$ cat start-v5.csv   # CSV, C-alpha atoms
chain,number,residue,atom,x,y,z
V,1,MET,CA,28.9,-34.2,2.5
V,2,GLY,CA,30.7,-34.7,5.8
V,3,THR,CA,34.1,-34.2,4.2
V,4,LEU,CA,32.9,-31.1,2.3
V,5,LEU,CA,31.6,-29.4,5.4
V,6,THR,CA,34.6,-29.8,7.7
V,7,PRO,CA,34.9,-27.6,10.8
V,8,ALA,CA,37.9,-25.9,9.2
V,9,ARG,CA,36.0,-25.0,6.0
V,10,MET,CA,33.0,-23.9,7.9
V,11,GLU,CA,35.1,-21.7,10.1
V,12,ALA,CA,36.8,-20.2,7.1
V,13,LEU,CA,33.4,-19.6,5.5
V,14,GLN,CA,32.2,-17.9,8.7
V,15,GLY,CA,35.2,-15.7,8.8
V,16,ARG,CA,34.8,-14.7,5.1
V,17,VAL,CA,31.1,-13.8,5.6
V,18,GLU,CA,31.9,-11.8,8.7
V,19,ARG,CA,34.5,-9.8,6.8
V,20,ILE,CA,32.1,-9.1,4.0
V,21,VAL,CA,29.5,-7.9,6.4
V,22,GLU,CA,32.0,-5.7,8.2
V,23,ARG,CA,33.0,-4.1,4.9
V,24,LEU,CA,29.4,-3.5,4.0
V,25,LYS,CA,28.3,-2.0,7.3
V,26,PRO,CA,30.0,1.4,6.9
V,27,TRP,CA,28.2,1.8,3.6
V,28,SER,CA,24.8,0.6,4.8
V,29,TRP,CA,23.6,4.2,5.1
V,30,LEU,CA,23.4,4.4,1.3
V,31,TRP,CA,20.8,1.6,1.2
V,32,PRO,CA,17.7,3.5,2.3
V,33,PRO,CA,18.0,6.5,-0.1
V,34,LEU,CA,18.8,4.1,-2.9
V,35,ALA,CA,15.7,2.1,-2.0
V,36,PHE,CA,13.6,5.2,-1.9
V,37,ALA,CA,14.9,6.4,-5.2
V,38,ALA,CA,14.1,2.9,-6.7
V,39,GLY,CA,10.6,3.1,-5.3
V,40,LEU,CA,10.1,6.6,-6.6
V,41,GLY,CA,11.4,5.5,-10.0
V,42,SER,CA,9.2,2.4,-10.0
V,43,PHE,CA,6.2,4.6,-9.2
V,44,PHE,CA,6.7,6.8,-12.2
V,45,LEU,CA,7.9,4.0,-14.4
V,46,VAL,CA,5.8,1.3,-12.8
V,47,ASP,CA,5.2,-0.6,-16.0
V,48,ARG,CA,8.9,-0.8,-16.8
V,49,GLN,CA,10.3,-2.0,-13.4
V,50,GLN,CA,8.1,-5.0,-12.5
V,51,TRP,CA,11.2,-7.1,-11.9
V,52,LEU,CA,12.2,-5.0,-8.9
V,53,GLY,CA,9.0,-5.8,-7.1
V,54,ALA,CA,9.4,-9.5,-7.9
V,55,ALA,CA,13.0,-9.5,-6.6
V,56,LEU,CA,11.9,-7.7,-3.4
V,57,ALA,CA,9.1,-10.2,-2.7
V,58,LEU,CA,11.5,-13.1,-3.2
V,59,GLY,CA,14.0,-11.4,-0.9
V,60,LEU,CA,11.4,-11.1,1.8
V,61,LEU,CA,10.5,-14.7,1.5
V,62,LEU,CA,14.1,-15.8,1.8
V,63,ALA,CA,14.6,-13.5,4.8
V,64,TRP,CA,11.5,-15.0,6.5
V,65,LEU,CA,12.8,-18.5,6.0
V,66,LEU,CA,16.2,-17.4,7.3
V,67,LEU,CA,14.6,-15.9,10.4
V,68,LEU,CA,12.5,-19.0,11.1
V,69,SER,CA,15.4,-21.4,10.6
V,70,GLU,CA,18.2,-19.4,12.2
V,71,SER,CA,18.1,-21.2,15.6
V,72,LEU,CA,17.4,-24.6,13.9
V,73,ILE,CA,20.4,-24.2,11.6
V,74,GLY,CA,22.6,-23.0,14.6
V,75,ARG,CA,21.7,-26.1,16.6
V,76,TRP,CA,22.3,-28.3,13.6
V,77,LEU,CA,25.8,-26.9,13.1
V,78,SER,CA,26.6,-26.9,16.8
V,79,HIS,CA,25.5,-30.6,17.1
V,80,ARG,CA,27.9,-31.6,14.4
V,81,GLY,CA,30.8,-29.6,15.8
V,82,HIS,CA,30.7,-26.8,13.2
V,83,PRO,CA,30.8,-23.1,14.2
V,84,THR,CA,27.4,-21.5,14.4
V,85,LEU,CA,26.0,-18.8,12.1
V,86,PRO,CA,28.1,-15.6,12.1
V,87,LYS,CA,26.7,-13.3,14.9
V,88,GLY,CA,24.5,-10.6,13.6
V,89,VAL,CA,24.7,-11.6,10.0
V,90,THR,CA,21.1,-12.8,9.9
V,91,ALA,CA,19.8,-9.6,11.4
V,92,PHE,CA,22.0,-7.5,9.1
V,93,ILE,CA,20.6,-9.3,6.0
V,94,ALA,CA,17.0,-8.9,7.3
V,95,GLN,CA,17.6,-5.2,8.0
V,96,MET,CA,18.8,-4.6,4.5
V,97,ILE,CA,15.8,-6.3,3.1
V,98,HIS,CA,13.4,-4.5,5.5
V,99,GLN,CA,15.0,-1.1,4.6
V,100,GLU,CA,14.7,-1.9,0.9
V,101,THR,CA,11.0,-2.9,1.3
V,102,LEU,CA,10.0,0.0,3.5
V,103,PHE,CA,11.7,2.8,1.4
V,104,PHE,CA,10.7,1.1,-1.9
V,105,THR,CA,7.0,1.1,-1.0
V,106,LEU,CA,7.0,4.4,0.9
V,107,PRO,CA,6.4,6.6,-2.3
V,108,PHE,CA,3.4,4.4,-3.3
V,109,ILE,CA,1.9,4.9,0.2
V,110,LEU,CA,2.6,8.6,0.5
V,111,VAL,CA,1.1,9.4,-2.9
V,112,THR,CA,-2.1,7.2,-2.6
V,113,THR,CA,-2.9,8.2,1.0
V,114,VAL,CA,-6.0,10.3,1.5
V,115,TRP,CA,-4.5,12.5,4.3
V,116,ASN,CA,-7.8,13.7,5.8
V,117,SER,CA,-8.9,10.1,6.6
V,118,GLY,CA,-7.7,7.2,8.7
V,119,GLN,CA,-5.3,6.3,6.0
V,120,ALA,CA,-3.0,8.9,7.4
V,121,LEU,CA,-2.4,6.7,10.5
V,122,PHE,CA,-1.3,3.8,8.3
V,123,ALA,CA,1.1,6.1,6.3
V,124,LEU,CA,2.6,7.4,9.6
V,125,LEU,CA,3.0,3.8,10.7
V,126,VAL,CA,5.0,2.9,7.6
V,127,MET,CA,7.1,6.1,8.0
V,128,GLY,CA,7.8,5.1,11.6
V,129,MET,CA,8.8,1.6,10.6
V,130,ALA,CA,11.1,3.0,7.9
V,131,VAL,CA,12.8,5.3,10.5
V,132,TRP,CA,13.1,2.5,13.0
V,133,SER,CA,14.8,0.3,10.4
V,134,ILE,CA,17.7,2.7,9.9
V,135,ILE,CA,18.4,3.4,13.6
V,136,ASP,CA,20.6,0.4,14.5
V,137,PRO,CA,20.3,0.5,18.3
V,138,LEU,CA,16.5,0.3,18.0
V,139,TYR,CA,16.4,-2.2,15.2
V,140,TYR,CA,18.8,-4.6,16.7
V,141,LYS,CA,17.1,-4.3,20.1
V,142,LEU,CA,13.9,-5.3,18.4
V,143,ALA,CA,15.6,-8.2,16.6
V,144,GLY,CA,17.4,-9.5,19.7
V,145,ARG,CA,14.9,-9.0,22.5
V,146,TRP,CA,11.4,-9.0,21.1
V,147,ARG,CA,11.2,-11.7,18.6
V,148,SER,CA,7.4,-11.7,18.4
V,149,LEU,CA,7.4,-8.0,17.5
V,150,TYR,CA,10.2,-8.6,15.1
V,151,PHE,CA,8.2,-11.2,13.2
V,152,MET,CA,5.2,-8.9,13.1
V,153,PHE,CA,7.6,-6.2,11.8
V,154,HIS,CA,8.6,-8.5,9.0
V,155,ALA,CA,5.0,-9.5,8.3
V,156,GLN,CA,4.1,-5.8,7.8
V,157,CYS,CA,6.9,-5.6,5.3
V,158,VAL,CA,5.4,-8.6,3.5
V,159,PHE,CA,2.0,-6.9,3.5
V,160,LEU,CA,3.4,-3.7,2.0
V,161,VAL,CA,5.3,-5.3,-0.9
V,162,LEU,CA,2.3,-7.5,-1.8
V,163,LEU,CA,0.0,-4.5,-1.7
V,164,VAL,CA,2.2,-2.7,-4.2
V,165,ILE,CA,3.3,-5.5,-6.6
V,166,LEU,CA,0.2,-7.7,-7.0
V,167,PRO,CA,-1.9,-5.2,-9.0
V,168,ILE,CA,1.2,-4.3,-11.1
V,169,MET,CA,2.6,-7.8,-11.8
V,170,VAL,CA,-0.4,-10.1,-11.9
V,171,HIS,CA,-3.1,-7.4,-12.5
V,172,LEU,CA,-5.2,-8.4,-9.5
V,173,THR,CA,-7.7,-5.7,-8.5
V,174,THR,CA,-6.9,-3.7,-5.4
V,175,GLY,CA,-9.6,-5.7,-3.5
V,176,GLN,CA,-8.1,-9.0,-4.5
V,177,SER,CA,-4.6,-7.8,-3.8
V,178,LEU,CA,-5.7,-6.6,-0.4
V,179,LEU,CA,-7.4,-9.8,0.6
V,180,LEU,CA,-4.4,-12.0,-0.6
V,181,ALA,CA,-1.9,-9.7,1.2
V,182,LEU,CA,-3.9,-9.9,4.4
V,183,VAL,CA,-4.1,-13.7,4.3
V,184,LEU,CA,-0.3,-14.1,3.6
V,185,THR,CA,0.5,-11.5,6.2
V,186,VAL,CA,-1.4,-13.4,8.9
V,187,LEU,CA,0.4,-16.6,8.0
V,188,VAL,CA,3.8,-14.8,8.2
V,189,ALA,CA,2.9,-13.3,11.5
V,190,LEU,CA,1.9,-16.7,13.1
V,191,PRO,CA,5.4,-17.5,14.3
V,192,SER,CA,5.0,-14.5,16.6
V,193,PHE,CA,2.7,-16.6,18.7
V,194,TRP,CA,4.5,-20.0,18.6
V,195,HIS,CA,5.7,-19.5,22.1
V,196,LEU,CA,2.2,-20.3,23.2
V,197,LEU,CA,2.7,-23.9,22.0
V,198,LYS,CA,5.9,-24.7,23.9
V,199,LYS,CA,3.8,-26.6,26.4
V,200,ARG,CA,1.2,-28.2,24.2
V,201,SER,CA,-2.3,-28.5,25.7
V,202,PRO,CA,-5.9,-28.0,24.6
V,203,ALA,CA,-5.9,-24.6,26.3
V,204,ARG,CA,-2.7,-23.5,24.5
V,205,TRP,CA,-4.0,-24.7,21.1
V,206,LEU,CA,-7.3,-22.8,21.8
V,207,GLY,CA,-5.4,-19.6,22.7
V,208,PHE,CA,-3.2,-19.9,19.5
V,209,PHE,CA,-6.3,-20.4,17.4
V,210,ALA,CA,-8.1,-17.5,19.1
V,211,LEU,CA,-5.2,-15.2,18.5
V,212,THR,CA,-5.0,-16.2,14.9
V,213,VAL,CA,-8.7,-15.5,14.3
V,214,THR,CA,-8.4,-12.2,16.2
V,215,LEU,CA,-5.4,-11.1,14.1
V,216,ALA,CA,-7.2,-12.0,10.9
V,217,TYR,CA,-10.4,-10.2,11.9
V,218,GLY,CA,-8.5,-7.1,13.1
V,219,ALA,CA,-6.6,-7.0,9.8
V,220,TRP,CA,-9.8,-7.2,7.8
V,221,LEU,CA,-11.5,-4.5,9.8
V,222,GLY,CA,-8.4,-2.3,9.3
V,223,ARG,CA,-8.5,-2.6,5.6
V,224,VAL,CA,-10.4,0.7,5.2
V,225,TRP,CA,-7.4,2.5,6.6
V,226,VAL,CA,-5.0,1.0,4.0
V,227,PRO,CA,-4.4,3.2,0.9
V,228,PRO,CA,-4.8,1.5,-2.5
V,229,ALA,CA,-1.1,1.6,-3.2
V,230,SER,CA,-1.5,1.1,-7.0
V,231,LEU,CA,-4.4,3.6,-7.6
V,232,TRP,CA,-4.6,7.3,-7.0
V,233,MET,CA,-6.8,10.2,-8.1
V,234,THR,CA,-5.2,12.7,-10.4
V,235,SER,CA,-7.9,15.3,-10.9
V,236,THR,CA,-11.6,16.1,-10.1
V,237,ALA,CA,-14.3,18.5,-11.3
V,238,LEU,CA,-18.0,19.4,-10.7
V,239,SER,CA,-20.1,20.6,-13.6
V,240,PRO,CA,-23.8,21.0,-14.7
V,241,ALA,CA,-23.0,19.5,-18.2
V,242,PHE,CA,-20.5,17.2,-19.8
V,243,ASP,CA,-19.0,17.0,-23.3
V,244,THR,CA,-18.8,13.2,-23.9
V,245,GLN,CA,-17.0,13.7,-27.2
V,246,GLN,CA,-14.2,15.7,-25.6
V,247,ARG,CA,-14.6,13.9,-22.3
V,248,THR,CA,-14.5,17.2,-20.4
V,249,PRO,CA,-16.9,18.8,-17.9
V,250,GLN,CA,-18.7,21.9,-19.2
V,251,GLY,CA,-20.7,24.9,-17.9
V,252,SER,CA,-21.0,26.7,-14.6
V,253,LEU,CA,-23.8,26.5,-12.0
V,254,THR,CA,-24.3,27.9,-8.5
V,255,LEU,CA,-25.6,24.9,-6.6
V,256,THR,CA,-28.9,26.3,-5.2
V,257,PRO,CA,-31.7,23.7,-4.5
V,258,GLU,CA,-33.7,24.7,-7.5
V,259,ALA,CA,-30.7,24.8,-9.9
V,260,ILE,CA,-29.5,21.3,-8.8
V,261,ARG,CA,-32.9,19.7,-9.1
V,262,ASN,CA,-33.4,21.2,-12.6
V,263,ASN,CA,-30.0,20.5,-14.0
V,264,GLY,CA,-28.5,17.6,-12.0
V,265,LEU,CA,-24.8,17.4,-11.4
V,266,TYR,CA,-21.8,15.7,-12.9
V,267,VAL,CA,-18.9,14.5,-10.8
V,268,TYR,CA,-15.7,13.9,-12.8
V,269,THR,CA,-12.6,12.0,-11.6
V,270,ALA,CA,-9.4,10.8,-13.2
V,271,ILE,CA,-7.8,7.7,-11.7
V,272,ARG,CA,-4.3,6.6,-12.3
V,273,ALA,CA,-3.8,2.8,-12.5
V,274,PRO,CA,-1.1,0.5,-13.8
V,275,ARG,CA,-1.3,-0.7,-17.4
V,276,GLY,CA,-3.3,-3.8,-17.8
V,277,LEU,CA,-5.3,-3.4,-14.6
V,278,SER,CA,-9.1,-3.4,-14.8
V,279,GLU,CA,-10.8,-2.1,-11.7
V,280,THR,CA,-14.3,-1.1,-10.5
V,281,ILE,CA,-14.5,2.2,-8.5
V,282,TYR,CA,-17.5,3.7,-6.9
V,283,HIS,CA,-18.9,7.3,-6.6
V,284,ALA,CA,-20.7,7.1,-3.2
V,285,TRP,CA,-23.0,10.1,-2.7
V,286,HIS,CA,-23.8,11.3,0.8
V,287,HIS,CA,-26.1,14.1,2.0
V,288,ASN,CA,-25.5,15.5,5.4
V,289,GLY,CA,-23.7,12.4,6.4
V,290,GLU,CA,-26.4,10.0,5.1
V,291,ALA,CA,-25.7,7.6,2.3
V,292,MET,CA,-27.7,8.3,-0.8
V,293,ASP,CA,-26.5,6.5,-3.9
V,294,THR,CA,-23.6,4.5,-5.1
V,295,VAL,CA,-22.5,4.5,-8.8
V,296,ALA,CA,-20.2,1.8,-10.1
V,297,LEU,CA,-17.6,2.8,-12.8
V,298,ALA,CA,-15.3,0.4,-14.6
V,299,ILE,CA,-11.8,1.8,-15.3
V,300,ASN,CA,-8.7,0.5,-17.1
V,301,GLY,CA,-5.1,1.3,-16.3
V,302,GLY,CA,-2.4,2.8,-18.4
V,303,ARG,CA,-3.5,6.3,-19.2
V,304,GLU,CA,-0.8,8.7,-17.9
V,305,GLN,CA,-3.2,11.5,-16.9
V,306,GLY,CA,-5.6,9.1,-15.3
V,307,TYR,CA,-8.6,7.1,-16.5
V,308,ARG,CA,-11.5,9.6,-16.8
V,309,ALA,CA,-14.7,8.5,-15.2
V,310,TRP,CA,-17.8,10.5,-14.4
V,311,SER,CA,-21.2,10.0,-12.9
V,312,HIS,CA,-24.3,12.1,-13.4
V,313,LYS,CA,-26.8,12.5,-10.5
V,314,GLN,CA,-30.3,13.7,-11.4
V,315,ASN,CA,-32.5,12.2,-8.7
V,316,PHE,CA,-32.0,14.7,-5.8
V,317,PRO,CA,-34.3,14.8,-2.8
V,318,GLU,CA,-37.0,17.4,-2.4
V,319,ASP,CA,-34.8,19.5,-0.2
V,320,PRO,CA,-31.2,19.0,-1.3
V,321,SER,CA,-29.9,21.8,0.9
V,322,GLY,CA,-26.9,21.0,3.0
V,323,GLU,CA,-23.5,19.4,2.9
V,324,TRP,CA,-22.8,16.8,0.2
V,325,ARG,CA,-19.9,14.5,-0.1
V,326,VAL,CA,-18.9,12.0,-2.9
V,327,ASP,CA,-16.5,9.3,-1.7
V,328,ILE,CA,-14.4,7.7,-4.5
V,329,MET,CA,-13.9,4.1,-3.3
V,330,THR,CA,-12.4,0.9,-4.6
V,331,ASP,CA,-14.2,-2.4,-4.7
V,332,GLY,CA,-12.4,-3.5,-1.5
V,333,GLY,CA,-13.6,-0.5,0.4
V,334,GLN,CA,-10.4,1.6,0.2
V,335,ARG,CA,-10.8,5.3,-0.2
V,336,LEU,CA,-9.3,7.0,-3.3
V,337,GLY,CA,-10.5,10.5,-2.4
V,338,LEU,CA,-13.5,12.6,-1.8
V,339,ILE,CA,-15.3,15.6,-3.2
V,340,ARG,CA,-17.3,18.0,-1.0
V,341,PHE,CA,-19.9,20.7,-2.1
V,342,THR,CA,-22.6,22.7,-0.5
V,343,VAL,CA,-26.2,23.3,-1.7
V,344,SER,CA,-27.8,26.4,-0.3
V,345,GLU,CA,-30.5,29.0,-1.0
V,346,ASP,CA,-27.8,31.6,-0.3
V,347,ALA,CA,-25.8,31.9,-3.5
V,348,ASN,CA,-22.8,33.2,-1.5
V,349,ALA,CA,-22.7,30.0,0.6
V,350,ALA,CA,-23.5,27.6,-2.3
V,351,THR,CA,-20.7,25.9,-4.2
V,352,VAL,CA,-20.1,26.9,-7.8
V,353,ALA,CA,-19.8,23.9,-10.1
V,354,ASP,CA,-17.7,25.6,-12.8
V,355,GLY,CA,-16.3,22.5,-14.6
V,356,THR,CA,-12.7,23.4,-13.8
V,357,ILE,CA,-10.6,20.3,-13.7
V,358,ARG,CA,-8.4,20.6,-10.6
V,359,PRO,CA,-5.3,18.5,-10.0
V,360,SER,CA,-5.5,16.1,-7.1
V,361,GLY,CA,-2.7,14.7,-4.9
V,362,LEU,CA,0.7,14.5,-6.5
V,363,SER,CA,-0.7,15.7,-9.8
V,364,ALA,CA,-1.0,19.2,-8.4
V,365,LEU,CA,2.8,19.3,-8.4
V,366,ASN,CA,2.9,18.1,-12.0
V,367,LEU,CA,6.0,16.0,-11.5
V,368,ARG,CA,5.1,13.6,-14.3
V,369,ARG,CA,6.1,16.2,-16.9
V,370,PHE,CA,9.7,15.1,-16.2
V,371,VAL,CA,8.9,11.5,-17.2
V,372,PRO,CA,8.4,10.4,-20.8
V,373,GLY,CA,4.7,9.4,-21.2
V,374,ASN,CA,3.4,6.1,-22.4
V,375,GLY,CA,0.7,7.7,-24.5
V,376,ALA,CA,-2.9,8.5,-23.6
V,377,SER,CA,-5.8,6.0,-23.8
V,378,PRO,CA,-9.1,7.3,-25.1
V,379,ASP,CA,-11.1,5.0,-22.9
V,380,ASP,CA,-13.3,6.5,-20.2
V,381,ALA,CA,-16.1,5.4,-18.0
V,382,GLN,CA,-19.4,7.0,-17.3
V,383,ALA,CA,-22.6,6.3,-15.3
V,384,THR,CA,-25.8,8.0,-14.5
V,385,GLU,CA,-27.9,7.7,-11.4

$ encode --input "start-v5.csv" --output "structure tokens"
Amino acid sequence: MGTLLTPARMEALQGRVERIVERLKPWSWLWPPLAFAAGLGSFFLVDRQQWLGAALALGLLLAWLLLLSESLIGRWLSHRGHPTLPKGVTAFIAQMIHQETLFFTLPFILVTTVWNSGQALFALLVMGMAVWSIIDPLYYKLAGRWRSLYFMFHAQCVFLVLLVILPIMVHLTTGQSLLLALVLTVLVALPSFWHLLKKRSPARWLGFFALTVTLAYGAWLGRVWVPPASLWMTSTALSPAFDTQQRTPQGSLTLTPEAIRNNGLYVYTAIRAPRGLSETIYHAWHHNGEAMDTVALAINGGREQGYRAWSHKQNFPEDPSGEWRVDIMTDGGQRLGLIRFTVSEDANAATVADGTIRPSGLSALNLRRFVPGNGASPDDAQATE
């Protein structure tokens, strides 16, 4: 081994790597748009490009190991008289992987974000990180001066890719995927706090443990702001009746107190999910901000237009007047969307539940008409409260 890794050979290898990196750098600007296009293609053809998510996760793992071992490898080479790692090569490789991760996952985040909720802050954070990764002075300043923030930047990339690929590749529910992604992200972020243990003492160990617990607890509390990157709502409707054979809302009703007590109300939602994924979603009914009822609905992925699920509420309070909201939630507490309606004695102020199926989110743009469909599934879910 010693004769194989001679100083001359190591120096020649270093020079070759540096030349390759220098040739790639002028073309590095192509990487983000290509990554975004790959992410967009994977979103529309998500069942056909699982390998890309797996390769991305593996690349992040290797980049993490490289970041952790960079200084150790450098000292090992220097101790044996070999030239150290090429300057900036590690940061360049990590930057390419970070750009690929951020721009690959960005379409999933943008489409599944409920923009009138706290999820918008998370989406803006991801967009900010993506922009940061392509501005070399900012990125390399972060990599060179603030190593703790750099490791946390990498940990966030790990969180994003796990959030996207786990439901697709291993068919974990969004709740299971979120929990596993949070645990692994905390573990990846721990090197950010290793500087606390340079002088080992009970107080240092206690501080390290306290920071770990705080980070884990903060991540768990923040889960409600994280969009379910593999699920999104494609359409919604309100109606006084429902055709279970055709699986479509029917009829029209002005939502006055008497009318809604006598007829009840159907809430219809279509949820897009990856093929093979079984998920439980919830219709959570609220009246004037107060939680009323929660209805569980089991859905299965694979239907191009979204898995149709509906709940029927008949048990309304004596005075149902006011503002109503139905939150569509995942089992892990992530919001898929919401539906608002008003019940009022004044017919002009009351909402009309006319059974019209309205596209939601990206479906309103009808971009999927450009993509060959996988066929529709007849399965649907229903529940009555």

$ residues_around --input "start-v5.csv" --residues "range 127-129 of chain V" --least-positions-apart "6" --cutoff "9 Å" --atoms "all atoms listed in the file" --output "VMD selection string"
chain V and resid 102 to 103 106 153

$ atom_distance --input "start-v5.csv" --atom1 "CA of Ile339 in chain V" --atom2 "CA of Leu166 in chain V"
28.2 Å

$ atom_distance --input "start-v5.csv" --atom1 "CA of Val352 in chain V" --atom2 "CA of Leu253 in chain V"
5.6 Å

$ atom_distance --input "start-v5.csv" --atom1 "CA of Glu100 in chain V" --atom2 "CA of Leu34 in chain V"
8.2 Å

$ closest_atom_pairs --input "start-v5.csv" --of "range 268-316 of chain V" --to "range 228-231 of chain V" --cutoff "10 Å" --atoms "all atoms listed in the file" --output "Markdown table"
| residue | atom | partner | partner_atom | distance |
| --- | --- | --- | --- | --- |
| V:Ile271 | CA | V:Leu231 | CA | 6.7 |
| V:Arg272 | CA | V:Leu231 | CA | 5.6 |
| V:Ala273 | CA | V:Leu231 | CA | 5.0 |
| V:Pro274 | CA | V:Ser230 | CA | 6.8 |
| V:Leu277 | CA | V:Ser230 | CA | 9.6 |
| V:Glu279 | CA | V:Leu231 | CA | 9.5 |
| V:Gly301 | CA | V:Leu231 | CA | 9.0 |
| V:Gly306 | CA | V:Leu231 | CA | 9.5 |

$ closest_residue --input "start-v5.csv" --among "V:Ser278, V:Met233, V:Pro257, V:Thr294" --to "Arg308 in chain V" --atoms "only C-alpha atoms"
V:Met233

$ closest_residue --input "start-v5.csv" --among "V:Trp146, V:Trp225, V:Tyr140, V:Trp132" --to "Leu178 in chain V" --atoms "all atoms listed in the file"
V:Trp225

$ closest_residue --input "start-v5.csv" --among "V:Pro32, V:Ala219, V:Phe104, V:Val158" --to "Ser133 in chain V" --atoms "all atoms listed in the file"
V:Pro32

$ closest_residue --input "start-v5.csv" --among "V:Ala123, V:Val89, V:Ala143, V:Val164" --to "Thr101 in chain V" --atoms "all atoms listed in the file"
V:Val164

$ closest_residue --input "start-v5.csv" --among "V:Trp232, V:His286, V:Ala94, V:Leu190" --to "Ala210 in chain V" --atoms "all atoms listed in the file"
V:Leu190

$ closest_residue --input "start-v5.csv" --among "V:Ala309, V:Leu172, V:Leu125, V:Val114" --to "Ala296 in chain V" --atoms "only C-alpha atoms"
V:Ala309

$ residues_around --input "start-v5.csv" --residues "Leu184 in chain V" --least-positions-apart "4" --cutoff "9 Å" --atoms "only C-alpha atoms" --output "compact mmCIF listing (two decimals) with C-alpha atoms, keeping the file's coordinate frame"
# COMPACT_ATOMS: atom_id res chain seq x y z
CA ALA V 155 5.00 -9.50 8.30
CA VAL V 158 5.40 -8.60 3.50
CA PHE V 159 2.00 -6.90 3.50
CA LEU V 162 2.30 -7.50 -1.80
CA LEU V 179 -7.40 -9.80 0.60
CA LEU V 180 -4.40 -12.00 -0.60
CA VAL V 188 3.80 -14.80 8.20
CA ALA V 189 2.90 -13.30 11.50

$ closest_atom_pairs --input "start-v5.csv" --of "range 116-168 of chain V" --to "range 319-334 of chain V" --cutoff "12 Å" --atoms "all atoms listed in the file" --output "CSV"
residue,atom,partner,partner_atom,distance
V:Ser117,CA,V:Gln334,CA,10.7
V:Gly118,CA,V:Gln334,CA,10.5
V:Gln119,CA,V:Gln334,CA,9.0
